[in-house]
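J.: Below you'll find the structure I mean.
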Amino acid sequence: MADYTVKPGDCFASIARANNFFDYLTLYNHADNAAVKAKFPNPNTLVEGEVVKIPAKKAAKIQLVLDGDKTIFIKRKATKLRVVVTRVDKSVYPRIKSSLLTVGSKSNNALPDGTGLIEIADIDPAAKTATLKIVLEAPPAPAPPGAAPAAASPPPNPPPIVPAHFVDKAVEPDGDVTITWTFKLGELERHDVVRGTLQRLFNMGWEPPLQKTENDATRKVVKAYQAFAKATVDGNATAVNAGVKTLHDAP
Amino acid sequence: MPTKTLTRTAYVARTGHDLAHTNRTVLPEFGVVEVRLEKGGTKSKVYRPDRSETPRALDNTGAVDTFHFAPGPQYRADTWVADPARNDRVKLTYDLYNPQGRITKAKLEIFKRHSKTAIWSRELKDAELADGPQELEFEWDDAGAKKKRKEWDGAITTSKEFPDGFLTVEHSPYKLRLTVEGTGMCRAPMAWTYLHVLVDKLELEWGPPEAVPAKDEARRDCFADVRTHPLTDALIKVFLASPIFKRSADQMFDNTFYTKYKKAWEDGAQLPLFAKVFVRDSADAPVVAPKALGTAKFLWDAELVSEATTEPFCDDADDYDKDKTKPKGRNCHKDRGGQRGSKTSVFPAQAGYAPKTTLDANKFPFKVEECKKPRTWAALSEAWREGLLASKTGVLVQPSRMAGDTYKVTVHAAHELNDDKKMRINVDTDAPLAIHASLKASTNKLQVWRKVKLVRYMHKAGGSNMSLAAIAKFYEDAFVEVDVAGVNPEDYGGGWNGAFTTASAGWSDFTKQFLDPATDQAGAGPNGVYFRTRDQAKLHLIATYPADIADDAAAEAWLTNQNMATDVAYGTALQQAAIDALCSIFDSKIHADAGINVFHVPRTHNIIDAVIAGGGGITDGLAHDFGNASDKKCGFLSLADAGLYATFGLTVANYGEMTAAHEIGHHMMLPHPKSTGENTGAKANNDYKAHDDAVDDCLMSYKPATRKLCGFCRLRLRGWDKTKLKTTRASNKKT
């Protein structure tokens, strides 16, 4: 029995793969990892520094009757990548022009469904990254204005606004926006540690420092989230981890 | 539209074969949902660039483009005193879409038209960048302590254009803009709204007496009278006191009156006319908010609105170049000595002085300058923004001295600009200018009149009275008011006999024969002089000169030899002596005040009725140049009453008054027309330039009919230059 100390990006699937276990559940459900399993109900959200027991391998015997060509299927407990692309209020982006989710050799170019979900099943356990490229189309141009009505003479009081009289420099809204996410597979930590909370907030557009402990910088971001969530604004990451988890992890 | 490429990192978890958890990835996004002003249920409409979008939609339900309020402190409109309790503060609200706190900078700015530079800006602080609707807090100086309120009074950065640090009507409307910067997608980087600071109305009022620059009593009295008339009156007469009278007969034929009247009144009256400027508050009520006016200009325009009279001679002269001057009109043209077409402005430039709580004497308070091209005949003024005249502006109206010239003055709020950024109403067009009714205020007619006071109406003793009002009526056609107010008939009183004795002392011995020294002249009756009757005279001659005139036949012969053969001849011969005596007697009664004195006796002497009965001629009035009179004081003798004219068979009403008006005309330097035979000698024919050639019944004639002043006389009385007038109607017209 060896110990393996979790590094960023590790999950039971990747650890199992790295140690030539066919099925990550072999590790996760191993009696020596019972404490870890209890601590991490989700085997794919570990925390850096956690120690996972790597049991010794046992040979498995399979009896086959070789009376002809046989195809052997060994059912592995595969993992998948489920990404939900929405606004922070869970509304889906309008006018998604294209979407491409890629993990290793697998990809999905279907547009997100009505909840924003994009998924690739049975992803390579060894994969460390994935990418998602989405193009959001600009809103359509409004119909051209009709002919301006003839100016009244004399002008009324108050006079009509003539937009052309204001020459302040305009700032244009973004047009088509192309976003490429690089997903760091397996690096999402458990929600109830500070960094896990902060990672989720980061994923959802907040920009906290991804650190293990709280400070003013984390509290500032948490406060922003709390204001958005209409929660008590105190900057305490622990106080929001459940809500953050629900928003981030719930389908 | 600019495209944008973003890259993001996310930390994701695989999902186990038997689990369903997800990794929500959200793009950082921010923007401005709206920014607007609100007050009392009214809110301004919000705009964003085309193709803007935020998850929270912009809601312009019920919003308007006409949001307005009255920035700054206010005065009470009834007392015109600053009242700290009055204000019209509004709320500045905005809504940022910023759930992830990705806005790094947000700036509120206010722009005026045609300028890229903000006149006010404020960067929002961290707490003000929160997601969702907010009301902006402003810092207030509350009794020396800095406090914050979610109210805005329109305060901005002080600058030359905004000297009091408040938004003003001058540069309205304004654009209030909120712009954000940050990291992430931004489909609504800015939003804006428009706001107005509006003039609600202008109200005209006469200024205070101190505002008359002139120190002379005449101009100050003129304005004192004018300001007793409310500006709502349909016609306000501007009376120029002008007791200017002849001192010699020659002055009726030369241009003395024009010269003296010009010297007295030159550029005319000085009438301080003010405008109260009200700003429209957010509840659409007019309020006094002086700081909201800034250096806004007010354009004062004069219309020349003299109307046609019933006298074609005058009307043709009035029409001279009436469509060619700026402004158009029928007031007296500069070529006739008038103001129309000249460089003399109806609104002379004024330096004004700094606002204060008490006014300087003899100084016009507001700065007034000539309007630049093209409307150079107009003037521009500025308002005071503090002090006694806060929220008021004004001009010194200087109508010409020419009686009959009529003006209508309009003040306009002149801050509106055209597409060329120029004052919209500074145009070379006829009045009225195209401007909304709420942005202007007009007087009714201001009409110049001369005023000559009748200061005394005196009888010898009793006798019927003339109607002084009827006398005055004859001069209304010439826009001359003969002011008879407060003048009551009075008798000469004591001292008549002494004065008569003095006056008659110089008579010849011959004339004295017809006067009985024992006659109580004062008690004998109202007539001027009481002579012996012709029969009494004969008895006196027989008694006094028995050696030479022994009997009645001798007396008759003697009188006949003296051209006194009949009562008519007798009375006629004594007329001049009586007149001379009356001129002497009444001379001491010339009133101390400037004006006209009327000395009235029903008959020159007691023999006059006999003269008339016998078909003789009499003198019924005389514009004598009394010794105690001057060029400001005159008097004349009225030597008839209504009964006398009835005896003549003159049925024209008020004949006596007409005669009196005739004599006044002489004192006002009007001569007789040619028909009286005065166009002789040096004044013969063409040189006798005194009347409308086409009129033979001028008041100044002796025609026994209803008479009126002819057009030539009227124009002279109105102050026109006699030397520039022709006596033929058509010659005075030029169109």
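By convention here, the chains of the structure tokens are called A, B, ... in the order presented, each chain's residues are numbered starting at 1, and ligands are numbered starting at 1 in the order presented.
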List every residue of chain B that has an atom at most 6 Å from any atom of chain A, and for each one report the closest atom pair and its distance in Å to one decimal, counting only C-alpha atoms, with rows sorted by chain and then by increasing residue number, as CSV.
T.:
residue,atom,partner,partner_atom,distance
B:Met1,CA,A:Gly175,CA,4.9
B:Pro2,CA,A:Gly175,CA,5.1
B:Thr3,CA,A:Gly175,CA,4.7
B:Lys4,CA,A:Val177,CA,4.7
B:Thr5,CA,A:Thr178,CA,4.7
B:Leu6,CA,A:Ile179,CA,4.7
B:Thr7,CA,A:Thr180,CA,4.8
B:Arg8,CA,A:Trp181,CA,4.6
B:Thr9,CA,A:Thr182,CA,4.8
B:Ala10,CA,A:Phe183,CA,4.8
B:Tyr11,CA,A:Leu188,CA,4.8
B:Val12,CA,A:Leu188,CA,4.9
B:Ala13,CA,A:Gly186,CA,4.6
B:Arg14,CA,A:Leu81,CA,5.2
B:Thr15,CA,A:Lys80,CA,5.1
B:Gly16,CA,A:Thr79,CA,4.7
B:His17,CA,A:Thr79,CA,5.2
B:His21,CA,A:Asp249,CA,5.1
B:Thr22,CA,A:Asp249,CA,4.7
B:Asn23,CA,A:Val83,CA,4.8
B:Arg24,CA,A:Val84,CA,4.6
B:Thr25,CA,A:Met204,CA,5.1
B:Val26,CA,A:Met204,CA,4.3
B:Leu27,CA,A:Gly205,CA,5.5
B:Pro28,CA,A:Gly205,CA,4.4
B:Arg51,CA,A:Pro139,CA,5.3
B:Pro99,CA,A:Phe228,CA,5.4
B:Gln100,CA,A:Trp206,CA,4.8
B:Gly101,CA,A:Ala224,CA,5.9
B:Arg113,CA,A:Phe166,CA,4.8
B:His114,CA,A:His165,CA,5.4
B:Ser115,CA,A:Val167,CA,5.9
B:Lys116,CA,A:Asp168,CA,4.4
B:Cys186,CA,A:Asp174,CA,5.7
B:Arg187,CA,A:Pro173,CA,4.5
B:Ala188,CA,A:Pro173,CA,5.3
B:Pro189,CA,A:Pro173,CA,5.7
B:Ala434,CA,A:Pro154,CA,5.0
B:Ile435,CA,A:Pro154,CA,4.8
B:His436,CA,A:Pro154,CA,5.7
J.: Give me the residues within 9 Å of B:Trp80 as a list in words, counting only C-alpha atoms and dropping any in the same chain fewer than 2 places off.
T.: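 Non-adjacent residues within range: Tyr75, Arg76, Ala77, Asp78, Ala82, Asp83, Val288, Leu388, Leu389 and Ala390 of chain B.
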J.: Can you pull out the residues contacting stretch 572-588 of chain B? Cut-off 9 Å, using only C-alpha atoms, and skip same-chain residues under 4 positions away; I want them as a ChimeraX atom specification.
T.: /B:458,460,492,496,499-500,502-504,507,511,514,528-531,563-564,567-568,599,604-605,607-608,611,616-619,622,624-629,635-637,639
J.: Please write the residues from the selection above to a file, keeping C-alpha atoms, as a tab-separated table (two decimals), in the first residue's frame.
T.:
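As a result, result.tsv now contains:
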chain	number	residue	atom	x	y	z
B	458	MET	CA	-58.18	133.12	-14.75
B	460	LYS	CA	-61.25	139.05	-14.24
B	492	TYR	CA	-58.16	137.89	-10.52
B	496	TRP	CA	-57.57	144.89	-10.25
B	499	ALA	CA	-53.40	147.34	-11.82
B	500	PHE	CA	-55.81	148.97	-14.20
B	502	THR	CA	-51.22	151.53	-13.70
B	503	ALA	CA	-52.01	149.99	-17.05
B	504	SER	CA	-54.10	152.91	-18.25
B	507	TRP	CA	-52.81	155.80	-22.38
B	511	THR	CA	-58.04	157.64	-24.99
B	514	PHE	CA	-63.39	157.75	-22.81
B	528	GLY	CA	-62.05	143.69	-19.48
B	529	VAL	CA	-62.50	147.46	-19.44
B	530	TYR	CA	-65.51	149.64	-18.87
B	531	PHE	CA	-65.43	152.78	-20.98
B	563	ASN	CA	-63.26	158.02	-36.69
B	564	MET	CA	-65.79	157.38	-33.96
B	567	ASP	CA	-70.93	152.91	-31.82
B	568	VAL	CA	-69.18	150.34	-33.98
B	599	PHE	CA	-56.81	134.96	-19.04
B	604	THR	CA	-62.57	143.09	-24.19
B	605	HIS	CA	-64.62	146.02	-23.08
B	607	ILE	CA	-68.78	148.43	-26.00
B	608	ILE	CA	-67.98	145.18	-27.85
B	611	VAL	CA	-69.52	146.65	-32.25
B	616	GLY	CA	-67.77	145.39	-36.70
B	617	GLY	CA	-64.80	143.14	-36.26
B	618	ILE	CA	-63.31	142.23	-32.97
B	619	THR	CA	-60.32	140.49	-31.49
B	622	LEU	CA	-54.47	137.16	-28.41
B	624	HIS	CA	-49.45	137.95	-26.30
B	625	ASP	CA	-45.84	137.61	-25.28
B	626	PHE	CA	-46.25	138.62	-21.69
B	627	GLY	CA	-43.38	140.31	-19.98
B	628	ASN	CA	-43.35	137.87	-17.12
B	629	ALA	CA	-43.59	134.92	-19.45
B	635	GLY	CA	-50.25	133.26	-21.52
B	636	PHE	CA	-52.95	134.42	-23.83
B	637	LEU	CA	-56.07	136.47	-23.67
B	639	LEU	CA	-61.71	137.77	-25.14
J.: Please provide the set of residues having any atom within 8 Å of B:Leu176, restricted to only C-alpha atoms, with same-chain residues fewer than 6 positions apart removed, written as a PyMOL selection string.
T.: chain B and resi 35-36+108-111+192-195
J.: Can you work out the spacing between atom CA of B:Gly523 and atom CA of B:Gly494 in Å, to one decimal?
T.: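 Pair atom CA of B:Gly523 / atom CA of B:Gly494 returns 10.6 Å.
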J.: Work out how far atom CA of B:Gly207 is from atom CA of B:Ala361, in Å to one decimal.
T.: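 It comes out at 12.5 Å.
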J.: As a PyMOL selection string, list the residues of stretch 351-527 of chain B assigned to helix (DSSP H, G or I) by DSSP on the backbone atoms of this structure.
T.: chain B and resi 437-439+468-473+476-478+496-505+509-512+521-524
J.: Next, the residues of the selection above should be written as an mmCIF file, in the first residue's frame with C-alpha atoms.
T.:
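Output contents, as saved in out.cif:
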data_model
loop_
_atom_site.group_PDB
_atom_site.id
_atom_site.type_symbol
_atom_site.label_atom_id
_atom_site.label_comp_id
_atom_site.auth_asym_id
_atom_site.auth_seq_id
_atom_site.Cartn_x
_atom_site.Cartn_y
_atom_site.Cartn_z
ATOM 1 C CA ALA B 437 -44.860 82.096 -26.270
ATOM 2 C CA SER B 438 -43.488 81.162 -22.870
ATOM 3 C CA LEU B 439 -40.076 82.488 -23.820
ATOM 4 C CA LEU B 468 -60.461 123.294 -20.706
ATOM 5 C CA ALA B 469 -60.832 119.687 -21.755
ATOM 6 C CA ALA B 470 -62.297 120.847 -25.039
ATOM 7 C CA ILE B 471 -59.291 123.091 -25.561
ATOM 8 C CA ALA B 472 -56.956 120.209 -24.862
ATOM 9 C CA LYS B 473 -58.840 117.994 -27.263
ATOM 10 C CA GLU B 476 -54.652 115.161 -29.264
ATOM 11 C CA ASP B 477 -54.325 114.897 -33.037
ATOM 12 C CA ALA B 478 -50.730 115.991 -32.629
ATOM 13 C CA TRP B 496 -57.566 144.888 -10.253
ATOM 14 C CA ASN B 497 -58.313 148.587 -9.992
ATOM 15 C CA GLY B 498 -54.769 149.417 -8.989
ATOM 16 C CA ALA B 499 -53.401 147.343 -11.816
ATOM 17 C CA PHE B 500 -55.813 148.973 -14.201
ATOM 18 C CA THR B 501 -54.816 152.429 -13.067
ATOM 19 C CA THR B 502 -51.218 151.526 -13.703
ATOM 20 C CA ALA B 503 -52.013 149.992 -17.050
ATOM 21 C CA SER B 504 -54.098 152.906 -18.250
ATOM 22 C CA ALA B 505 -51.742 155.564 -16.992
ATOM 23 C CA ASP B 509 -54.973 161.841 -23.270
ATOM 24 C CA PHE B 510 -57.253 161.154 -26.156
ATOM 25 C CA THR B 511 -58.038 157.642 -24.985
ATOM 26 C CA LYS B 512 -58.397 158.713 -21.437
ATOM 27 C CA GLN B 521 -63.454 148.795 -13.006
ATOM 28 C CA ALA B 522 -63.261 145.764 -10.750
ATOM 29 C CA GLY B 523 -66.835 146.023 -9.656
ATOM 30 C CA ALA B 524 -68.273 147.040 -12.992
#
J.: Determine which residues of stretch 68-218 of chain A DSSP labels as strand (DSSP E or B) from the backbone of this structure, then write them out as a ChimeraX atom specification.
T.: /A:80-85,96-103,106-108,117-120,129-136,177-185
J.: Figure out the distance between atom CA of B:Met185 and atom CA of B:Val33, please, to one decimal in Å.
T.: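 According to the coordinates, atom CA of B:Val33 and atom CA of B:Met185 are separated by 14.1 Å.
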J.: May I have the residues within 7 Å of stretch 1-5 of chain A as a PyMOL selection string, using only C-alpha atoms and disregarding those fewer than 5 positions away in the same chain?
T.: chain A and resi 49-56
J.: Would you put the residues from that selection into a file with C-alpha atoms, as a tab-separated table (two decimals), in the first residue's frame?
T.:
chain	number	residue	atom	x	y	z
A	49	GLY	CA	-2.33	17.66	-0.20
A	50	GLU	CA	-4.92	15.01	0.55
A	51	VAL	CA	-3.38	11.54	0.84
A	52	VAL	CA	-4.89	8.73	-1.18
A	53	LYS	CA	-3.98	5.15	-0.49
A	54	ILE	CA	-2.81	3.20	-3.54
A	55	PRO	CA	-3.50	-0.45	-2.87
A	56	ALA	CA	-1.43	-3.27	-4.30
J.: Tell me which protein, DNA and RNA residues are within 9 Å of B:Lys322, counting only C-alpha atoms, leaving out same-chain ones fewer than 4 positions away, and put them as an mmCIF file with N, CA and C atoms, in the first residue's frame.
T.:
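Now in selection-v8.cif:
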data_model
loop_
_atom_site.group_PDB
_atom_site.id
_atom_site.type_symbol
_atom_site.label_atom_id
_atom_site.label_comp_id
_atom_site.auth_asym_id
_atom_site.auth_seq_id
_atom_site.Cartn_x
_atom_site.Cartn_y
_atom_site.Cartn_z
ATOM 1 N N ASP B 318 -45.362 109.807 -42.408
ATOM 2 C CA ASP B 318 -44.982 108.671 -41.557
ATOM 3 C C ASP B 318 -44.481 107.497 -42.397
ATOM 4 N N PRO B 327 -35.750 98.409 -37.342
ATOM 5 C CA PRO B 327 -36.915 97.689 -37.827
ATOM 6 C C PRO B 327 -37.789 98.571 -38.714
ATOM 7 N N LYS B 328 -38.710 97.896 -39.378
ATOM 8 C CA LYS B 328 -39.662 98.621 -40.193
ATOM 9 C C LYS B 328 -40.568 99.447 -39.290
ATOM 10 N N GLY B 329 -41.274 100.366 -39.931
ATOM 11 C CA GLY B 329 -42.246 101.068 -39.127
ATOM 12 C C GLY B 329 -42.516 102.456 -39.628
ATOM 13 N N ARG B 330 -43.401 103.136 -38.917
ATOM 14 C CA ARG B 330 -43.871 104.434 -39.377
ATOM 15 C C ARG B 330 -43.491 105.547 -38.404
ATOM 16 N N ASN B 331 -42.618 105.219 -37.499
ATOM 17 C CA ASN B 331 -42.147 106.280 -36.608
ATOM 18 C C ASN B 331 -41.334 107.299 -37.407
ATOM 19 N N HIS B 333 -38.776 109.244 -39.239
ATOM 20 C CA HIS B 333 -37.519 108.810 -39.849
ATOM 21 C C HIS B 333 -36.395 109.787 -39.497
ATOM 22 N N ARG B 340 -35.979 106.612 -36.232
ATOM 23 C CA ARG B 340 -36.067 105.452 -37.128
ATOM 24 C C ARG B 340 -34.997 105.540 -38.211
ATOM 25 N N LYS B 734 -42.150 108.838 -49.307
ATOM 26 C CA LYS B 734 -41.118 108.112 -50.052
ATOM 27 C C LYS B 734 -41.230 106.653 -49.624
ATOM 28 N N THR B 735 -41.469 105.810 -50.564
ATOM 29 C CA THR B 735 -41.654 104.400 -50.189
ATOM 30 C C THR B 735 -40.704 103.527 -50.982
#
J.: Of the candidates B:Lys674, B:Arg603, B:Lys91, B:His591, which shows the shortest atom-to-atom distance to B:Ala642, using only C-alpha atoms?
T.: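 The closest residue to B:Ala642 is B:Arg603.
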J.: Excluding stretch 126-143 of chain B and any residue of its chain fewer than 5 positions from it, enumerate the residues within 8 Å of it, using only C-alpha atoms, and give them as a list in words.
T.: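 Result of the neighbour search: Ala224, Ala227 and Phe228 of chain A; Lys91, Leu92, Thr93, Tyr94, Asp95, Leu96, Tyr97, Asn98, Pro99, Gly101, Ile103, Ala106, Lys148, Arg149, Lys150, Glu151 and Trp152 of chain B.
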J.: Under the rule that only C-alpha atoms are counted, which of B:Gly184, B:Gly495, B:Pro399, B:Gly595 is the nearest residue to B:Cys332?
T.: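 The shortest atom-to-atom distance to B:Cys332 comes from B:Pro399.
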